[in-house]
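Coordinates from run_27.cif are shown below (mmCIF, C-alpha atoms).
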data_run
#
loop_
_atom_site.label_atom_id
_atom_site.label_comp_id
_atom_site.auth_asym_id
_atom_site.auth_seq_id
_atom_site.Cartn_x
_atom_site.Cartn_y
_atom_site.Cartn_z
CA MET A 1 150.12 266.75 194.03
CA VAL A 2 147.63 269.49 194.94
CA PHE A 3 144.81 267.41 193.47
CA GLN A 4 145.82 264.38 195.58
CA MET A 5 145.98 266.53 198.73
CA THR A 6 142.54 267.94 197.99
CA ARG A 7 141.12 264.44 197.52
CA ARG A 8 142.62 263.35 200.84
CA ILE A 9 141.16 266.35 202.65
CA VAL A 10 137.73 265.70 201.14
CA PHE A 11 137.98 262.01 202.08
CA VAL A 12 138.94 262.84 205.67
CA CYS A 13 136.07 265.36 205.93
CA ILE A 14 133.58 262.82 204.61
CA LEU A 15 134.92 260.19 206.99
CA PHE A 16 134.67 262.58 209.94
CA LEU A 17 131.13 263.67 209.00
CA THR A 18 130.07 260.03 208.67
CA PHE A 19 131.49 259.29 212.11
CA VAL A 20 129.66 262.28 213.64
CA LEU A 21 126.35 261.31 212.02
CA GLN A 22 126.71 257.71 213.17
CA ALA A 23 127.46 258.85 216.73
CA GLU A 24 124.43 261.15 216.71
CA ALA A 25 122.19 258.35 215.43
CA GLN A 26 123.54 255.99 218.11
CA ASN A 27 122.90 258.54 220.88
CA SER A 28 119.39 259.20 219.54
CA SER A 29 118.64 255.50 219.47
CA LYS A 30 119.92 255.06 223.05
CA ALA A 31 117.74 257.94 224.30
CA ALA A 32 114.67 256.49 222.58
CA GLN A 33 115.32 253.01 223.94
CA ALA A 34 115.72 254.35 227.48
CA LEU A 35 112.34 256.09 227.17
CA ILE A 36 110.73 252.88 225.90
CA ARG A 37 112.07 251.03 228.96
CA ARG A 38 110.70 253.69 231.30
CA ILE A 39 107.27 253.51 229.67
CA THR A 40 106.83 249.82 228.87
CA GLY A 41 109.03 248.08 231.45
CA ASN A 42 109.66 244.41 230.58
CA HIS A 43 107.82 244.84 227.27
CA ALA A 44 110.71 246.98 226.01
CA ARG A 45 112.34 243.84 224.59
CA ASN A 46 109.42 243.59 222.15
CA PHE A 47 110.27 246.94 220.56
CA SER A 48 113.05 247.82 218.16
CA THR A 49 114.07 251.34 217.12
CA GLU A 50 115.53 252.68 213.90
CA ILE A 51 116.66 256.17 212.96
CA ILE A 52 115.37 257.34 209.57
CA PRO A 53 116.01 260.63 207.75
CA SER A 54 113.52 263.46 207.50
CA SER A 55 112.66 264.39 203.94
CA ASN A 56 111.88 268.05 204.65
CA GLY A 57 113.41 268.90 208.02
CA LYS A 58 110.16 268.09 209.84
CA ASP A 59 109.73 265.17 212.18
CA VAL A 60 108.51 261.85 210.82
CA PHE A 61 107.78 258.45 212.35
CA GLU A 62 106.94 254.99 211.07
CA LEU A 63 105.37 251.94 212.73
CA GLU A 64 105.62 248.36 211.56
CA SER A 65 105.49 244.78 212.83
CA ARG A 66 108.41 242.60 211.73
CA ASP A 67 109.86 239.30 212.96
CA GLY A 68 107.74 239.32 216.10
CA LYS A 69 108.74 242.86 217.11
CA ILE A 70 107.19 246.30 216.95
CA ILE A 71 109.50 248.52 214.89
CA LEU A 72 109.50 252.19 215.87
CA ARG A 73 111.25 254.46 213.38
CA GLY A 74 111.84 258.18 213.51
CA ASN A 75 114.30 260.91 212.66
CA SER A 76 114.76 261.76 216.36
CA PRO A 77 114.06 260.34 219.82
CA ILE A 78 110.93 262.51 219.97
CA ALA A 79 109.68 261.10 216.67
CA ILE A 80 110.28 257.55 217.92
CA ALA A 81 108.50 258.39 221.19
CA SER A 82 105.58 259.75 219.18
CA ALA A 83 105.48 256.47 217.25
CA LEU A 84 105.35 254.59 220.56
CA ASN A 85 102.49 256.77 221.78
CA TRP A 86 100.56 256.14 218.55
CA TYR A 87 101.01 252.39 218.95
CA LEU A 88 99.96 252.42 222.60
CA LYS A 89 96.82 254.43 221.86
CA TYR A 90 95.58 252.83 218.65
CA TYR A 91 96.73 249.24 219.03
CA CYS A 92 96.97 248.66 222.81
CA LEU A 93 94.17 251.10 223.74
CA GLN A 94 96.40 252.68 226.40
CA GLN A 95 96.41 256.43 226.92
CA ILE A 96 99.24 258.11 228.81
CA SER A 97 97.97 261.38 230.21
CA TRP A 98 98.76 263.68 233.12
CA ASN A 99 96.00 261.92 235.01
CA HIS A 100 97.25 258.43 234.19
CA LEU A 101 100.98 258.13 233.57
CA GLU A 102 101.12 254.31 233.74
CA ILE A 103 100.00 251.67 231.26
CA ASN A 104 98.89 248.04 231.44
CA LEU A 105 99.96 246.14 228.33
CA PRO A 106 98.75 242.68 227.28
CA LYS A 107 101.22 239.78 227.43
CA VAL A 108 101.19 239.50 223.64
CA LEU A 109 101.45 242.86 221.92
CA PRO A 110 99.04 243.56 219.04
CA VAL A 111 100.42 243.25 215.50
CA ILE A 112 100.42 246.22 213.13
CA PRO A 113 98.77 244.95 209.89
CA GLU A 114 100.60 247.37 207.59
CA LYS A 115 103.27 250.04 207.92
CA ILE A 116 102.16 253.47 209.14
CA ARG A 117 103.99 256.73 208.38
CA LYS A 118 103.17 260.11 209.90
CA GLU A 119 104.86 263.44 209.17
CA SER A 120 104.47 266.61 211.20
CA PRO A 121 103.39 269.74 209.31
CA TYR A 122 105.43 271.83 211.77
CA LEU A 123 109.12 272.34 212.40
CA ASP A 124 108.57 272.57 216.17
CA ARG A 125 105.96 272.04 218.88
CA SER A 126 106.33 274.29 221.91
CA TYR A 127 105.04 273.69 225.43
CA MET A 128 104.35 275.33 228.78
CA ASN A 129 103.34 278.73 229.95
CA TYR A 130 105.15 280.54 232.77
CA CYS A 131 101.99 280.06 234.82
CA THR A 132 102.24 276.27 234.47
CA PHE A 133 105.37 276.32 236.60
CA SER A 134 103.46 277.91 239.48
CA TYR A 135 99.91 276.59 239.18
CA THR A 136 101.00 272.99 238.63
CA ALA A 137 104.74 272.35 238.86
CA ALA A 138 105.92 274.56 241.74
CA PHE A 139 106.79 271.65 244.01
CA TRP A 140 107.54 268.88 241.52
CA ASP A 141 110.56 266.71 242.28
CA TRP A 142 112.72 264.90 239.70
CA GLU A 143 110.48 261.81 239.72
CA ARG A 144 107.50 263.91 238.60
CA TRP A 145 109.55 265.93 236.11
CA GLU A 146 110.90 262.74 234.56
CA LYS A 147 107.36 261.57 233.88
CA GLU A 148 106.45 264.99 232.47
CA ILE A 149 109.39 265.02 230.07
CA ASP A 150 108.44 261.54 228.87
CA TRP A 151 104.89 262.85 228.37
CA MET A 152 106.34 265.70 226.29
CA ALA A 153 108.32 263.31 224.08
CA LEU A 154 105.36 260.95 223.61
CA HIS A 155 103.28 263.93 222.50
CA GLY A 156 105.88 265.33 220.12
CA ILE A 157 107.03 268.37 222.10
CA THR A 158 110.32 269.79 220.81
CA MET A 159 110.55 273.24 222.39
CA PRO A 160 109.63 273.38 226.11
CA LEU A 161 109.97 276.44 228.31
CA ALA A 162 112.68 275.62 230.89
CA ILE A 163 112.87 278.05 233.82
CA THR A 164 113.51 275.73 236.77
CA GLY A 165 116.52 277.13 238.63
CA GLN A 166 116.09 280.79 237.64
CA GLU A 167 116.27 281.69 241.33
CA ALA A 168 119.87 280.45 241.35
CA VAL A 169 120.76 282.51 238.27
CA TRP A 170 119.42 285.64 239.97
CA TYR A 171 121.19 284.79 243.22
CA ARG A 172 124.57 284.43 241.53
CA THR A 173 124.04 287.52 239.42
CA LEU A 174 123.00 289.83 242.24
CA LYS A 175 125.84 288.71 244.50
CA LYS A 176 128.09 290.47 241.99
CA TYR A 177 126.17 293.74 242.41
CA ASN A 178 126.64 294.44 246.12
CA MET A 179 123.52 292.65 247.31
CA THR A 180 123.73 290.52 250.45
CA ASP A 181 122.40 287.00 250.87
CA GLN A 182 119.41 288.27 252.86
CA GLU A 183 118.64 291.06 250.39
CA ILE A 184 118.65 288.66 247.47
CA ARG A 185 116.47 286.10 249.22
CA ASN A 186 114.05 288.87 250.22
CA PHE A 187 113.85 289.84 246.54
CA LEU A 188 113.07 286.27 245.43
CA VAL A 189 109.45 285.17 245.76
CA GLY A 190 108.09 281.91 247.14
CA PRO A 191 107.94 278.92 244.75
CA ALA A 192 104.22 279.23 244.03
CA PHE A 193 104.79 282.77 242.69
CA PHE A 194 107.86 282.21 240.49
CA ALA A 195 105.87 282.58 237.26
CA TRP A 196 105.01 286.19 238.02
CA GLN A 197 108.50 287.08 239.10
CA TRP A 198 110.04 285.69 235.92
CA MET A 199 107.37 287.63 233.99
CA THR A 200 108.64 290.75 235.83
CA ASN A 201 105.43 291.51 237.74
CA ILE A 202 106.39 291.08 241.42
CA GLU A 203 109.23 290.70 243.86
CA GLY A 204 109.46 289.39 247.41
CA TRP A 205 105.94 287.96 247.54
CA GLY A 206 105.85 284.82 249.68
CA GLY A 207 109.59 285.08 250.45
CA PRO A 208 112.26 285.11 251.63
CA LEU A 209 113.39 282.06 249.69
CA PRO A 210 115.54 279.57 251.66
CA LYS A 211 119.12 279.13 250.46
CA SER A 212 118.62 275.36 250.45
CA TRP A 213 115.83 275.74 247.91
CA ILE A 214 118.09 277.80 245.65
CA GLU A 215 120.85 275.19 245.73
CA ASN A 216 118.42 272.33 245.09
CA SER A 217 116.90 274.20 242.15
CA ILE A 218 120.26 274.05 240.38
CA LYS A 219 120.40 270.25 240.54
CA LEU A 220 116.77 269.89 239.46
CA GLY A 221 117.09 272.39 236.61
CA GLN A 222 120.22 270.66 235.32
CA LYS A 223 118.52 267.25 235.39
CA ILE A 224 115.50 268.58 233.52
CA LEU A 225 117.60 270.20 230.81
CA ALA A 226 119.90 267.19 230.43
CA ARG A 227 116.94 264.87 229.82
CA GLU A 228 115.19 267.30 227.46
CA ARG A 229 118.36 267.73 225.40
CA GLU A 230 119.07 263.99 225.44
CA LEU A 231 115.69 263.47 223.78
CA GLY A 232 116.45 266.12 221.16
CA MET A 233 114.39 268.97 222.57
CA THR A 234 115.44 272.62 222.27
CA PRO A 235 114.57 274.24 225.62
CA VAL A 236 113.73 277.94 225.92
CA LEU A 237 115.68 279.60 228.74
CA GLN A 238 115.32 283.08 230.21
CA GLY A 239 116.42 286.35 228.67
CA PHE A 240 117.09 289.71 230.35
CA THR A 241 114.65 292.59 229.98
CA GLY A 242 115.81 295.16 232.54
CA TYR A 243 113.69 293.94 235.44
CA VAL A 244 115.84 294.33 238.59
CA PRO A 245 115.34 294.37 242.39
CA LEU A 246 114.08 297.60 243.95
CA LYS A 247 117.13 297.40 246.22
CA LEU A 248 119.40 298.15 243.29
CA LYS A 249 118.06 301.69 243.24
CA GLU A 250 119.77 302.17 246.62
CA LYS A 251 122.92 300.36 245.53
CA PHE A 252 123.24 302.34 242.29
CA PRO A 253 121.62 305.75 242.94
CA LYS A 254 122.98 307.23 239.71
CA ALA A 255 121.49 304.48 237.52
CA ASP A 256 118.24 305.19 235.65
CA ILE A 257 115.98 302.78 237.55
CA THR A 258 112.23 303.44 237.55
CA VAL A 259 109.94 302.12 240.29
CA LYS A 260 106.80 300.74 238.67
CA PRO A 261 103.30 300.52 240.23
CA PHE A 262 102.04 297.41 241.97
CA TRP A 263 101.02 294.65 239.56
CA LEU A 264 97.22 294.55 239.34
CA ARG A 265 97.30 297.34 242.00
CA TYR A 266 97.61 294.63 244.62
CA PHE A 267 101.11 293.15 244.91
CA PRO A 268 103.44 295.46 246.88
CA PRO A 269 106.17 296.62 246.88
CA GLY A 270 106.08 297.07 243.09
CA THR A 271 108.98 296.37 240.75
CA ALA A 272 111.95 298.21 239.28
CA GLN A 273 112.92 298.70 235.64
CA LEU A 274 116.44 299.52 234.54
CA ASP A 275 116.50 301.82 231.52
CA PRO A 276 118.01 300.10 228.45
CA LEU A 277 120.06 303.19 227.66
CA ASP A 278 121.79 303.04 231.05
CA PRO A 279 125.20 301.28 230.89
CA LEU A 280 124.17 299.14 233.86
CA PHE A 281 121.53 297.43 231.66
CA LYS A 282 124.14 295.82 229.45
CA GLU A 283 126.39 295.04 232.42
CA ILE A 284 123.77 293.24 234.52
CA GLY A 285 122.14 291.61 231.50
CA THR A 286 125.47 290.20 230.37
CA THR A 287 126.24 288.88 233.85
CA PHE A 288 122.78 287.31 234.12
CA LEU A 289 123.08 285.44 230.81
CA GLN A 290 126.65 284.35 231.54
CA GLU A 291 125.67 282.96 234.93
CA GLN A 292 122.70 281.19 233.37
CA GLU A 293 124.93 279.58 230.75
CA LYS A 294 127.43 278.45 233.40
CA LEU A 295 124.64 276.68 235.27
CA PHE A 296 122.37 275.46 232.49
CA GLY A 297 124.12 275.81 229.12
CA THR A 298 122.12 277.22 226.23
CA ASN A 299 120.07 276.25 223.20
CA HIS A 300 120.16 279.86 221.95
CA LEU A 301 116.47 280.59 222.73
CA TYR A 302 115.79 283.33 225.30
CA ALA A 303 112.33 284.19 226.58
CA ALA A 304 112.01 287.95 227.03
CA ASP A 305 108.68 289.67 227.69
CA PRO A 306 109.19 293.23 228.93
CA PHE A 307 106.32 294.77 230.89
CA HIS A 308 104.14 291.66 230.89
CA GLU A 309 100.63 292.69 232.02
CA GLY A 310 102.06 296.08 232.95
CA GLN A 311 103.02 299.38 231.42
CA PRO A 312 106.46 300.58 230.29
CA PRO A 313 107.86 303.42 232.42
CA LYS A 314 108.08 305.49 229.22
CA LYS A 315 105.56 305.20 226.41
CA ASP A 316 107.16 306.92 223.44
CA ALA A 317 107.96 304.79 220.38
CA ASP A 318 111.67 305.55 220.55
CA TYR A 319 111.89 304.11 224.08
CA LEU A 320 110.10 300.89 223.10
CA GLN A 321 112.43 300.46 220.15
CA LYS A 322 115.46 300.96 222.40
CA VAL A 323 114.14 298.27 224.77
CA GLY A 324 113.85 295.77 221.92
CA GLU A 325 117.27 296.62 220.56
CA ALA A 326 118.90 296.48 223.99
CA LEU A 327 117.50 293.14 225.09
CA TYR A 328 118.52 291.58 221.79
CA HIS A 329 122.02 293.07 221.73
CA VAL A 330 122.69 291.96 225.31
CA ALA A 331 121.69 288.39 224.43
CA ALA A 332 123.64 288.44 221.16
CA GLY A 333 126.68 289.85 222.95
CA VAL A 334 126.79 286.75 225.13
CA ASP A 335 125.48 284.31 222.52
CA PRO A 336 125.88 285.32 218.84
CA GLU A 337 123.29 282.68 217.91
CA ALA A 338 120.65 284.13 220.25
CA THR A 339 116.99 284.18 219.26
CA ILE A 340 114.51 286.16 221.37
CA VAL A 341 111.25 284.36 222.18
CA MET A 342 108.27 286.59 223.01
CA GLN A 343 104.73 285.78 224.05
CA SER A 344 101.96 287.52 222.14
CA TRP A 345 100.05 288.12 225.39
CA SER A 346 101.62 291.52 226.03
CA PHE A 347 103.42 291.86 222.69
CA ARG A 348 104.38 295.42 221.80
CA ALA A 349 105.25 296.00 218.16
CA GLY A 350 107.79 298.71 219.00
CA ILE A 351 109.78 296.27 221.11
CA GLY A 352 109.28 293.05 219.16
CA PHE A 353 109.96 294.45 215.71
CA ALA A 354 113.15 296.14 216.92
CA VAL A 355 114.63 292.66 217.22
CA PRO A 356 116.16 291.51 213.89
CA ALA A 357 113.53 289.61 211.90
CA ASP A 358 115.52 286.38 211.80
CA ARG A 359 116.21 286.55 215.55
CA LEU A 360 112.63 286.70 216.86
CA LEU A 361 110.19 283.87 217.55
CA VAL A 362 106.69 284.72 218.76
CA PHE A 363 104.44 282.37 220.70
CA ASP A 364 100.83 283.38 219.96
CA LEU A 365 99.59 281.70 223.12
CA ASN A 366 95.93 281.33 222.19
CA SER A 367 96.15 282.10 218.45
CA SER A 368 94.44 285.45 218.94
CA LYS A 369 97.05 288.09 218.11
CA SER A 370 98.65 287.09 214.80
CA LYS A 371 96.12 288.93 212.61
CA ARG A 372 96.35 292.09 214.73
CA PHE A 373 100.12 292.18 214.21
CA ASP A 374 99.93 291.29 210.48
CA ARG A 375 101.09 287.72 211.19
CA PHE A 376 104.10 289.27 212.97
CA LYS A 377 105.48 290.85 209.80
CA GLY A 378 107.42 287.88 208.51
CA ARG A 379 108.82 286.75 211.86
CA ALA A 380 108.62 283.08 212.79
CA TRP A 381 105.71 282.31 215.09
CA HIS A 382 103.80 279.48 216.74
CA GLY A 383 100.05 279.37 217.08
CA GLY A 384 98.71 277.69 220.16
CA ILE A 385 96.05 277.01 222.74
CA ILE A 386 95.93 278.03 226.39
CA HIS A 387 92.62 276.31 227.18
CA ASN A 388 93.16 276.26 230.95
CA PHE A 389 93.24 279.50 232.92
CA GLY A 390 94.03 279.74 236.60
CA GLY A 391 94.31 276.05 237.38
CA THR A 392 90.64 275.25 236.79
CA VAL A 393 89.75 271.58 236.45
CA ALA A 394 86.33 271.65 234.76
CA MET A 395 85.97 269.23 231.85
CA GLY A 396 85.36 271.16 228.66
CA GLY A 397 86.86 272.49 225.48
CA ASN A 398 85.83 273.39 221.94
CA LEU A 399 87.48 270.62 219.93
CA ASP A 400 86.52 272.14 216.56
CA ALA A 401 88.20 275.40 217.58
CA VAL A 402 91.35 273.53 218.58
CA MET A 403 91.51 271.82 215.20
CA ASN A 404 90.86 275.03 213.27
CA ARG A 405 93.51 276.97 215.19
CA LEU A 406 96.18 274.35 214.75
CA CYS A 407 95.46 273.22 211.20
CA ILE A 408 97.93 274.76 208.79
CA GLU A 409 96.24 273.38 205.68
CA GLY A 410 94.33 275.90 203.60
CA LYS A 411 95.91 278.97 205.23
CA ASP A 412 96.83 281.83 202.91
CA SER A 413 100.33 283.20 202.25
CA THR A 414 100.23 285.49 205.30
CA TRP A 415 100.71 282.31 207.38
CA LYS A 416 103.98 281.33 205.67
CA ASN A 417 106.04 281.87 208.85
CA TYR A 418 103.67 279.80 210.99
CA CYS A 419 106.39 277.28 211.79
CA GLY A 420 105.03 275.56 214.88
CA PHE A 421 102.26 275.29 217.40
CA GLY A 422 102.24 275.19 221.15
CA LEU A 423 100.33 273.90 224.13
CA PHE A 424 100.41 276.76 226.63
CA PRO A 425 98.03 275.82 229.48
CA GLU A 426 98.23 277.90 232.65
CA ALA A 427 97.85 274.59 234.49
CA THR A 428 98.07 270.93 233.50
CA GLU A 429 96.81 267.62 234.92
CA ASN A 430 93.35 268.31 233.51
CA ASN A 431 91.27 267.65 230.40
CA PRO A 432 93.46 265.09 228.61
CA VAL A 433 91.08 264.86 225.63
CA VAL A 434 91.84 268.43 224.54
CA TYR A 435 95.59 267.97 224.72
CA GLU A 436 95.58 264.56 223.04
CA LEU A 437 93.75 266.13 220.09
CA ALA A 438 96.03 269.16 220.01
CA ALA A 439 99.15 266.97 220.12
CA GLU A 440 97.89 264.85 217.25
CA MET A 441 97.34 267.98 215.17
#

Written as structure tokens, that's how I'd like the structure from this file.
Amino acid sequence: MVFQMTRRIVFVCILFLTFVLQAEAQNSSKAAQALIRRITGNHARNFSTEIIPSSNGKDVFELESRDGKIILRGNSPIAIASALNWYLKYYCLQQISWNHLEINLPKVLPVIPEKIRKESPYLDRSYMNYCTFSYTAAFWDWERWEKEIDWMALHGITMPLAITGQEAVWYRTLKKYNMTDQEIRNFLVGPAFFAWQWMTNIEGWGGPLPKSWIENSIKLGQKILARERELGMTPVLQGFTGYVPLKLKEKFPKADITVKPFWLRYFPPGTAQLDPLDPLFKEIGTTFLQEQEKLFGTNHLYAADPFHEGQPPKKDADYLQKVGEALYHVAAGVDPEATIVMQSWSFRAGIGFAVPADRLLVFDLNSSKSKRFDRFKGRAWHGGIIHNFGGTVAMGGNLDAVMNRLCIEGKDSTWKNYCGFGLFPEATENNPVVYELAAEM
């Protein structure tokens, strides 16, 4: 009797798992087909998609001509999109870049002589720098974001930074801490300066921010995340590091809030840092992450870069360790699956290595810091390229250096946790050759 019951339970579990896997495959196929329609228009009827398994957990795609159709196979919508991009480039001679997001296909699509299979050497491919959101994307609407997300999928991006709508998270958080509408909007910077506010460098610059902008940012942020998740991406949202408005020092005079110097000695009125040992740190951090999840959900990745291009208010090792522990524990208290994502740009070992080893992911933005930090002491990390600083548009780039930085073959055992690479330009819509090469790597 017990044996029969056990067999029934196992059968039901297998049946349920099969149903879930079939539903996931169907959703993935639908997302890929919708992308193909957006990219190829009426030619979409000439393409067929198939979901195939990954042999090692890393993305794979296949291309083949069969029965008058182009067959695009992949283990995910992103893999299928990457297959489409490969076909468009190498068979139709059509390149989709930031500078040219449309294509012109022939009436009869070229045949693929023999099946092609490509596997990625990386688990993930990350994308975007905080600066990109200000130098390039500050005033993008949904139409432009939709094209950008398609560009990401075509180029194999799986882990984009997603900070559109952060102003709304701050607004809703600070309303719960005795700040008025005007005070909050005075704290928030203008759209072209968001990058440096979210990196904790400034407040109020170019503000006050209109309430209408804040409300619209919610809708746009939700659309962006919905599309990225539909395609199988794992967006990186914002973590909490103790950066707070200067006004909170008046609201909570007993709290340990330090006023920091102007960023680059130029951007008044400075910023405020809440000490991680103060009870208010956990309280505000928890509220912030809860409000963010209410608005935008979560994929369990939280960008947190304390004191970016600045100095901690206290420099002893114990303080830095407490900062790392606090920002992780606040995130984990809200989301037990939380992983902290840190840039290498202003990486501080005392902070970063205080985060549990299996809960830290480091983005080495221009592949320059991994050796200095002993390949991040066993933590997962992505190498990457910045290439563009400050929104410059000059054509140039060392292609050999790009290939050497992103090639995982031949690296010694210290690179064993090099699990992905990223494109981290400060601005986009420039130099497509560099990024086409990097994406193919």

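Using all atoms listed in the file, the nearest neighbour of Ile163 (chain A) within the list A:Gly239, A:Gly350, A:Gly390, A:Pro432 is A:Gly239.
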
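With all atoms listed in the file taken into account, the protein and nucleic acid residues at most 7 Å from Ile52 (chain A) (excluding it and anything under 4 positions from it in its own chain) are A:Arg73, A:Gly74, A:Asn75.
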
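What the PyMOL selection byres ((chain A and resi 105) around 8) grabs from this file is Thr40, Cys92, Gln94, Ile103, Asn104, Pro106, Lys107 and Leu109 of chain A.
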
How far is it from CA of Gly207 (chain A) to CA of Phe194 (chain A), in Å with one decimal? 10.5 Å

Resolved residues for the PyMOL selection byres ((chain A and resi 70-72) around 7) as number ranges by chain: A: 46-50, 62-66, 69, 73-74, 80, 83-84

Counting all atoms listed in the file, find residues at most 10 Å from (98.6, 257.6, 230.8) (file frame) and give them as a compact mmCIF listing (two decimals) with C-alpha atoms, in the frame of the given file.
# COMPACT_ATOMS: atom_id res chain seq x y z
CA ILE A 39 107.27 253.51 229.67
CA ASN A 85 102.49 256.77 221.78
CA LEU A 88 99.96 252.42 222.60
CA LYS A 89 96.82 254.43 221.86
CA GLN A 94 96.40 252.68 226.40
CA GLN A 95 96.41 256.43 226.92
CA ILE A 96 99.24 258.11 228.81
CA SER A 97 97.97 261.38 230.21
CA TRP A 98 98.76 263.68 233.12
CA ASN A 99 96.00 261.92 235.01
CA HIS A 100 97.25 258.43 234.19
CA LEU A 101 100.98 258.13 233.57
CA GLU A 102 101.12 254.31 233.74
CA ILE A 103 100.00 251.67 231.26
CA ASN A 104 98.89 248.04 231.44
CA TRP A 151 104.89 262.85 228.37
CA PRO A 432 93.46 265.09 228.61
